[in-house]
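Visitor: One structure follows; several queries about it will come next.
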Amino acid sequence: MRRGEVRCLSAGGFHRVAWVEWGPEHGERVLVCVHGVARNGRDFDVLAAHLAEEGWRVVCPDVVGRGRSGHLADPKGYAMPQYLADMTVLLAALGAEQVDWLGTSMGGLIGLMMAVQADTPIRRLILNDIGPFVPKAALARIAGYVGRPDRFARWDEAAAYFRRIYAPWGNLSDLEWAHLVRHSFKELEGGGVTHHFDPAMAEGLRAAEPKDVDLWRLWDSLRRPTLVLRGEASDVLPAETAAQMTQRGPKPILLTFPDCGHAPSLMHRDQIAAVQGWLG
């Protein structure tokens with residue numbers, strides 16, 4: 001595993017976007033994996049390690065305000081225009097003419113918005129438990145837990161909270177939970193631990209009035225081969241929305257995984273095999 005970072009620009013000045021990458025440094029097959037709203041690029045470690053063994057270069061960035069990436073001076077900047085601009089700089093820094101894109105939740109929406117642009121560098125798209133319509137009730141649920149509480153006295157308290165909040169990811173092993181917890185929190189000066197993201201990002205998300213996300217117009221214009229992964233109990237990608245997706249736009253392959261909701265962890269063998277098989 002290698003680490004990298006690049007400077008990106010916002011209205012408040014420059015900030016850094018960090019990433020980790022796996023596989024051959026100059027590999028021709030490049031997969032960019034982008035995480036959900038309160039997550040970070042280390043969510044993809046297990047998947048990336050498997051794909052690297054097959055010769056893939058897998059790049060997993062931390063979206064600004066998360067993980068090792070910098071924070072924005074103005075919290076209002078934590079929105080799609082900034083994320084799209086940052087990912088464009090990242091793709092330029094990678095030096096790849098074309099990439100495949102795997103996005104979980106928010107990362108999938110970023111990928112969708114980039115993939116419909118003229119002369120896009122995105123060749124193929126994998127959406128992990130996200131689609132062109134997201135019910136406001138699901139967004140309200142996510143906003144309700146992001147960043148609450150913001151401080152824990154001990155690591156075991158943070159771990160217990162994390163496992164409860166992210167239970168919809170499915171039946172993970174203790175080692176898998178421990179890996180996610182280790183990269184989802186950081187120690188505070190003076191003791192205790194907190195979330196590994198900018199608290200201002202979470203505050204803005206909670207303050208926003210939940211409303212349905214409707215991007216069907218973009219979906220219908222998408223002309224890239226697409227795979228959609230869905231957790232059987234997902235409230236973010238309801239079954240009826242997923243079914244409608246297969247009849248419109250790119251008419252993707254849809255795979256639904258049992259025993260999980262939002263979102264499949266991409267740590268289980270069947271989920272990894274699905275991604276590997278589709279990518280070829």
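How things are named: the first chain in the structure tokens is A, the next is B, and so on; residues count from 1 in each chain; ligands count from 1 in the order shown.
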Just want the 9 Å neighbourhood of stretch 184-196 of chain A, counted on only C-alpha atoms, with same-chain residues fewer than 2 positions away dropped. Output as a list in words.

Guide: Ala38, Arg39, Asn40, Arg42, Gly65, Arg66, Gly67, Arg68, Gly147, Pro149, Asp150, Arg151, Phe152, Ala153, Arg154, Trp155, Ala158, Phe162, His179, Leu180, Val181, Arg182, Asp198 and Pro199 of chain A

Visitor: Applying 7 Å and only C-alpha atoms, which residues near A:Val116 remain after dropping the ones on its own chain fewer than 5 positions away? List them as a ChimeraX atom specification.

Guide: /A:218,221-222

Visitor: Please return as a ChimeraX atom specification: the residues of stretch 128-238 of chain A that backbone DSSP assigns to alpha helix (DSSP H).

Guide: /A:136-145,155-165,174-184,199-207,216-221

Visitor: Output the selection as a compact mmCIF listing (two decimals), in the first residue's frame - N, CA and C atoms for each residue.

Guide:
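Listing of out_2.txt after writing:
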```txt
# COMPACT_ATOMS: atom_id res chain seq x y z
N LYS A 136 -35.93 10.93 1.41
CA LYS A 136 -35.49 11.85 2.45
C LYS A 136 -35.46 11.20 3.82
N ALA A 137 -36.29 10.19 4.05
CA ALA A 137 -36.28 9.51 5.34
C ALA A 137 -34.93 8.84 5.58
N ALA A 138 -34.34 8.26 4.54
CA ALA A 138 -33.04 7.63 4.69
C ALA A 138 -31.95 8.66 4.95
N LEU A 139 -32.03 9.81 4.27
CA LEU A 139 -31.06 10.87 4.51
C LEU A 139 -31.17 11.42 5.92
N ALA A 140 -32.39 11.54 6.42
CA ALA A 140 -32.60 12.02 7.78
C ALA A 140 -32.02 11.04 8.79
N ARG A 141 -32.16 9.74 8.52
CA ARG A 141 -31.59 8.74 9.43
C ARG A 141 -30.07 8.87 9.50
N ILE A 142 -29.43 9.03 8.35
CA ILE A 142 -27.97 9.14 8.32
C ILE A 142 -27.53 10.42 9.01
N ALA A 143 -28.20 11.54 8.71
CA ALA A 143 -27.84 12.81 9.34
C ALA A 143 -28.02 12.75 10.85
N GLY A 144 -28.95 11.92 11.31
CA GLY A 144 -29.23 11.84 12.73
C GLY A 144 -28.13 11.20 13.55
N TYR A 145 -27.29 10.36 12.89
CA TYR A 145 -26.23 9.71 13.67
C TYR A 145 -24.83 10.20 13.35
N TRP A 155 -11.47 3.87 23.61
CA TRP A 155 -11.63 3.24 22.30
C TRP A 155 -12.75 2.22 22.30
N ASP A 156 -12.91 1.47 23.40
CA ASP A 156 -13.95 0.45 23.41
C ASP A 156 -15.35 1.08 23.34
N GLU A 157 -15.52 2.27 23.90
CA GLU A 157 -16.80 2.96 23.79
C GLU A 157 -17.06 3.37 22.34
N ALA A 158 -16.03 3.87 21.68
CA ALA A 158 -16.17 4.25 20.28
C ALA A 158 -16.49 3.02 19.42
N ALA A 159 -15.83 1.91 19.71
CA ALA A 159 -16.05 0.68 18.95
C ALA A 159 -17.48 0.18 19.11
N ALA A 160 -18.00 0.21 20.32
CA ALA A 160 -19.37 -0.24 20.56
C ALA A 160 -20.37 0.64 19.82
N TYR A 161 -20.13 1.94 19.86
CA TYR A 161 -21.00 2.88 19.13
C TYR A 161 -20.95 2.60 17.64
N PHE A 162 -19.75 2.41 17.11
CA PHE A 162 -19.57 2.20 15.68
C PHE A 162 -20.29 0.93 15.22
N ARG A 163 -20.14 -0.14 15.96
CA ARG A 163 -20.77 -1.40 15.57
C ARG A 163 -22.29 -1.30 15.61
N ARG A 164 -22.81 -0.50 16.50
CA ARG A 164 -24.26 -0.32 16.57
C ARG A 164 -24.76 0.50 15.39
N ILE A 165 -24.08 1.60 15.10
CA ILE A 165 -24.52 2.49 14.03
C ILE A 165 -24.38 1.85 12.66
N ASP A 174 -14.91 -9.84 14.09
CA ASP A 174 -14.33 -8.90 15.05
C ASP A 174 -13.12 -8.19 14.45
N LEU A 175 -12.33 -8.91 13.67
CA LEU A 175 -11.16 -8.29 13.04
C LEU A 175 -11.57 -7.23 12.03
N GLU A 176 -12.63 -7.51 11.28
CA GLU A 176 -13.09 -6.53 10.28
C GLU A 176 -13.65 -5.28 10.97
N TRP A 177 -14.44 -5.47 12.04
CA TRP A 177 -14.92 -4.32 12.79
C TRP A 177 -13.76 -3.52 13.35
N ALA A 178 -12.77 -4.21 13.90
CA ALA A 178 -11.62 -3.53 14.50
C ALA A 178 -10.87 -2.71 13.46
N HIS A 179 -10.74 -3.23 12.25
CA HIS A 179 -10.07 -2.49 11.19
C HIS A 179 -10.81 -1.20 10.88
N LEU A 180 -12.13 -1.28 10.76
CA LEU A 180 -12.92 -0.10 10.44
C LEU A 180 -12.86 0.93 11.57
N VAL A 181 -12.95 0.45 12.80
CA VAL A 181 -12.90 1.36 13.95
C VAL A 181 -11.55 2.07 14.01
N ARG A 182 -10.48 1.35 13.76
CA ARG A 182 -9.15 1.93 13.85
C ARG A 182 -8.97 3.11 12.90
N HIS A 183 -9.62 3.05 11.75
CA HIS A 183 -9.48 4.11 10.75
C HIS A 183 -10.63 5.12 10.78
N SER A 184 -11.59 4.91 11.67
CA SER A 184 -12.75 5.80 11.73
C SER A 184 -12.68 6.79 12.89
N PRO A 199 -15.64 17.94 12.27
CA PRO A 199 -16.96 18.10 12.90
C PRO A 199 -17.86 19.07 12.15
N ALA A 200 -17.27 20.07 11.50
CA ALA A 200 -18.08 21.05 10.76
C ALA A 200 -18.83 20.39 9.61
N MET A 201 -18.24 19.35 9.02
CA MET A 201 -18.92 18.62 7.96
C MET A 201 -20.18 17.97 8.50
N ALA A 202 -20.08 17.36 9.68
CA ALA A 202 -21.23 16.69 10.28
C ALA A 202 -22.31 17.69 10.69
N GLU A 203 -21.88 18.83 11.20
CA GLU A 203 -22.85 19.85 11.62
C GLU A 203 -23.67 20.36 10.44
N GLY A 204 -23.00 20.58 9.33
CA GLY A 204 -23.71 21.04 8.14
C GLY A 204 -24.70 20.01 7.63
N LEU A 205 -24.31 18.75 7.70
CA LEU A 205 -25.19 17.69 7.24
C LEU A 205 -26.43 17.60 8.11
N ARG A 206 -26.25 17.74 9.41
CA ARG A 206 -27.40 17.65 10.31
C ARG A 206 -28.31 18.87 10.19
N ALA A 207 -27.72 20.01 9.86
CA ALA A 207 -28.51 21.24 9.78
C ALA A 207 -29.35 21.32 8.51
N TRP A 216 -32.85 11.29 -11.61
CA TRP A 216 -33.24 10.43 -12.72
C TRP A 216 -32.82 11.01 -14.07
N ARG A 217 -32.82 12.33 -14.18
CA ARG A 217 -32.41 12.94 -15.45
C ARG A 217 -30.96 12.57 -15.78
N LEU A 218 -30.10 12.60 -14.76
CA LEU A 218 -28.71 12.19 -14.98
C LEU A 218 -28.63 10.71 -15.31
N TRP A 219 -29.39 9.92 -14.58
CA TRP A 219 -29.35 8.47 -14.80
C TRP A 219 -29.74 8.13 -16.24
N ASP A 220 -30.76 8.78 -16.74
CA ASP A 220 -31.22 8.49 -18.09
C ASP A 220 -30.21 8.91 -19.15
N SER A 221 -29.29 9.80 -18.79
CA SER A 221 -28.28 10.24 -19.75
C SER A 221 -26.97 9.45 -19.64
```

Visitor: If you count only C-alpha atoms, which residues fall within 7 Å of A:Pro24, apart from same-chain ones fewer than 2 positions away, as a PyMOL selection string?

Guide: chain A and resi 22+26-27+55-57

Visitor: Quick one: pick out all strand (DSSP E or B) residues within stretch 201-276 of chain A from a backbone DSSP run and write them as a list of chain:residue names.

Guide: A:Val213, A:Asp214, A:Thr226, A:Leu227, A:Val228, A:Leu229, A:Arg230, A:Gly231, A:Ile253, A:Leu254, A:Leu255, A:Thr256, A:Phe257

Visitor: Check the smallest atom-to-atom distance from each of A:Asp212, A:Asp259, A:Asp235, A:Asp119 to A:Ala167 using only C-alpha atoms, then report the winner.

Guide: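 Once distances to A:Ala167 are computed over only C-alpha atoms, the minimum belongs to A:Asp259.
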
Visitor: Restricting the calculation to only C-alpha atoms: of A:His71, A:Arg2, A:Arg7, A:His50, which residue gets closest to A:Val20?

Guide: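 Looking at the shortest contact to A:Val20, the residue is A:Arg2.
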
Visitor: For a quick check of understanding, using only C-alpha atoms, which of A:Gly23, A:Gly277, A:Gly107, A:Gly12 has the smallest distance to A:Gly77?

Guide: A:Gly12

Visitor: Counting only C-alpha atoms, which of A:Ala118, A:Leu102, A:Ala18, A:Leu266 gets nearest to A:Leu227?

Guide: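 Using only C-alpha atoms, the shortest distance to A:Leu227 belongs to A:Leu102.
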
Visitor: Please determine, counting only C-alpha atoms, which residue among A:Lys76, A:His35, A:Arg224, A:Arg148 has the shortest atom-to-atom distance to A:Val99.

Guide: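 With only C-alpha atoms as the atom set, the closest residue is A:Arg224.
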
Visitor: Have a look at A:Ile126, A:Pro75, A:Met1, A:Trp19 and name the one nearest to A:Gln276; count only C-alpha atoms.

Guide: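 Checking each candidate against A:Gln276, we get A:Ile126 as the closest.
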
Visitor: Can you pull out the residues contacting A:Pro238? Cut-off 10 Å, using only C-alpha atoms, and skip same-chain residues under 4 positions away; I want them as JSON, numbers by chain.

Guide: {"A": [129, 130, 131, 133, 134, 135, 138, 230, 231, 232, 233, 234, 242, 243, 261]}

Visitor: Generate a file of the selected residues that holds N, CA, C and O atoms, formatted as a PDB file, in the first residue's frame.

Guide:
```pdb
ATOM      1  N   ASP A 129     -24.931   0.476  -3.348  1.00  0.00           N
ATOM      2  CA  ASP A 129     -26.097   0.836  -2.553  1.00  0.00           C
ATOM      3  C   ASP A 129     -26.465   2.319  -2.678  1.00  0.00           C
ATOM      4  O   ASP A 129     -26.697   3.000  -1.682  1.00  0.00           O
ATOM      5  N   ILE A 130     -26.513   2.764  -3.889  1.00  0.00           N
ATOM      6  CA  ILE A 130     -26.941   4.140  -4.153  1.00  0.00           C
ATOM      7  C   ILE A 130     -27.539   4.185  -5.557  1.00  0.00           C
ATOM      8  O   ILE A 130     -27.146   3.405  -6.434  1.00  0.00           O
ATOM      9  N   GLY A 131     -28.485   5.084  -5.742  1.00  0.00           N
ATOM     10  CA  GLY A 131     -29.103   5.232  -7.048  1.00  0.00           C
ATOM     11  C   GLY A 131     -29.506   6.666  -7.286  1.00  0.00           C
ATOM     12  O   GLY A 131     -29.182   7.567  -6.505  1.00  0.00           O
ATOM     13  N   PHE A 133     -32.345   8.019  -7.031  1.00  0.00           N
ATOM     14  CA  PHE A 133     -33.377   8.515  -6.121  1.00  0.00           C
ATOM     15  C   PHE A 133     -33.086   7.996  -4.719  1.00  0.00           C
ATOM     16  O   PHE A 133     -32.912   6.792  -4.514  1.00  0.00           O
ATOM     17  N   VAL A 134     -32.988   8.941  -3.758  1.00  0.00           N
ATOM     18  CA  VAL A 134     -32.747   8.577  -2.360  1.00  0.00           C
ATOM     19  C   VAL A 134     -33.856   9.207  -1.515  1.00  0.00           C
ATOM     20  O   VAL A 134     -34.011  10.431  -1.521  1.00  0.00           O
ATOM     21  N   PRO A 135     -34.631   8.411  -0.787  1.00  0.00           N
ATOM     22  CA  PRO A 135     -35.724   8.966   0.013  1.00  0.00           C
ATOM     23  C   PRO A 135     -35.206   9.861   1.139  1.00  0.00           C
ATOM     24  O   PRO A 135     -34.169   9.570   1.754  1.00  0.00           O
ATOM     25  N   ALA A 138     -34.343   8.257   4.544  1.00  0.00           N
ATOM     26  CA  ALA A 138     -33.037   7.626   4.686  1.00  0.00           C
ATOM     27  C   ALA A 138     -31.952   8.664   4.954  1.00  0.00           C
ATOM     28  O   ALA A 138     -31.059   8.451   5.776  1.00  0.00           O
ATOM     29  N   ARG A 230     -26.551  -3.850  -4.097  1.00  0.00           N
ATOM     30  CA  ARG A 230     -27.579  -3.400  -3.160  1.00  0.00           C
ATOM     31  C   ARG A 230     -27.647  -4.322  -1.949  1.00  0.00           C
ATOM     32  O   ARG A 230     -27.541  -5.538  -2.082  1.00  0.00           O
ATOM     33  N   GLY A 231     -27.805  -3.735  -0.770  1.00  0.00           N
ATOM     34  CA  GLY A 231     -28.098  -4.513   0.421  1.00  0.00           C
ATOM     35  C   GLY A 231     -29.584  -4.803   0.472  1.00  0.00           C
ATOM     36  O   GLY A 231     -30.413  -3.915   0.241  1.00  0.00           O
ATOM     37  N   GLU A 232     -29.937  -6.018   0.758  1.00  0.00           N
ATOM     38  CA  GLU A 232     -31.332  -6.438   0.690  1.00  0.00           C
ATOM     39  C   GLU A 232     -32.252  -5.588   1.560  1.00  0.00           C
ATOM     40  O   GLU A 232     -33.408  -5.330   1.209  1.00  0.00           O
ATOM     41  N   ALA A 233     -31.746  -5.127   2.716  1.00  0.00           N
ATOM     42  CA  ALA A 233     -32.568  -4.340   3.643  1.00  0.00           C
ATOM     43  C   ALA A 233     -32.302  -2.844   3.534  1.00  0.00           C
ATOM     44  O   ALA A 233     -32.639  -2.084   4.446  1.00  0.00           O
ATOM     45  N   SER A 234     -31.728  -2.395   2.438  1.00  0.00           N
ATOM     46  CA  SER A 234     -31.336  -0.993   2.300  1.00  0.00           C
ATOM     47  C   SER A 234     -32.542  -0.062   2.268  1.00  0.00           C
ATOM     48  O   SER A 234     -33.529  -0.322   1.575  1.00  0.00           O
ATOM     49  N   ALA A 242     -34.233   0.309  -7.292  1.00  0.00           N
ATOM     50  CA  ALA A 242     -33.230  -0.528  -7.953  1.00  0.00           C
ATOM     51  C   ALA A 242     -33.805  -1.212  -9.185  1.00  0.00           C
ATOM     52  O   ALA A 242     -33.157  -1.282 -10.241  1.00  0.00           O
ATOM     53  N   ALA A 243     -35.023  -1.710  -9.075  1.00  0.00           N
ATOM     54  CA  ALA A 243     -35.660  -2.368 -10.210  1.00  0.00           C
ATOM     55  C   ALA A 243     -35.878  -1.383 -11.357  1.00  0.00           C
ATOM     56  O   ALA A 243     -35.664  -1.712 -12.537  1.00  0.00           O
ATOM     57  N   GLY A 261     -27.888  -4.148   4.924  1.00  0.00           N
ATOM     58  CA  GLY A 261     -28.687  -3.032   4.453  1.00  0.00           C
ATOM     59  C   GLY A 261     -27.796  -2.031   3.744  1.00  0.00           C
ATOM     60  O   GLY A 261     -27.110  -2.366   2.791  1.00  0.00           O
TER      61      GLY A 261
END
```
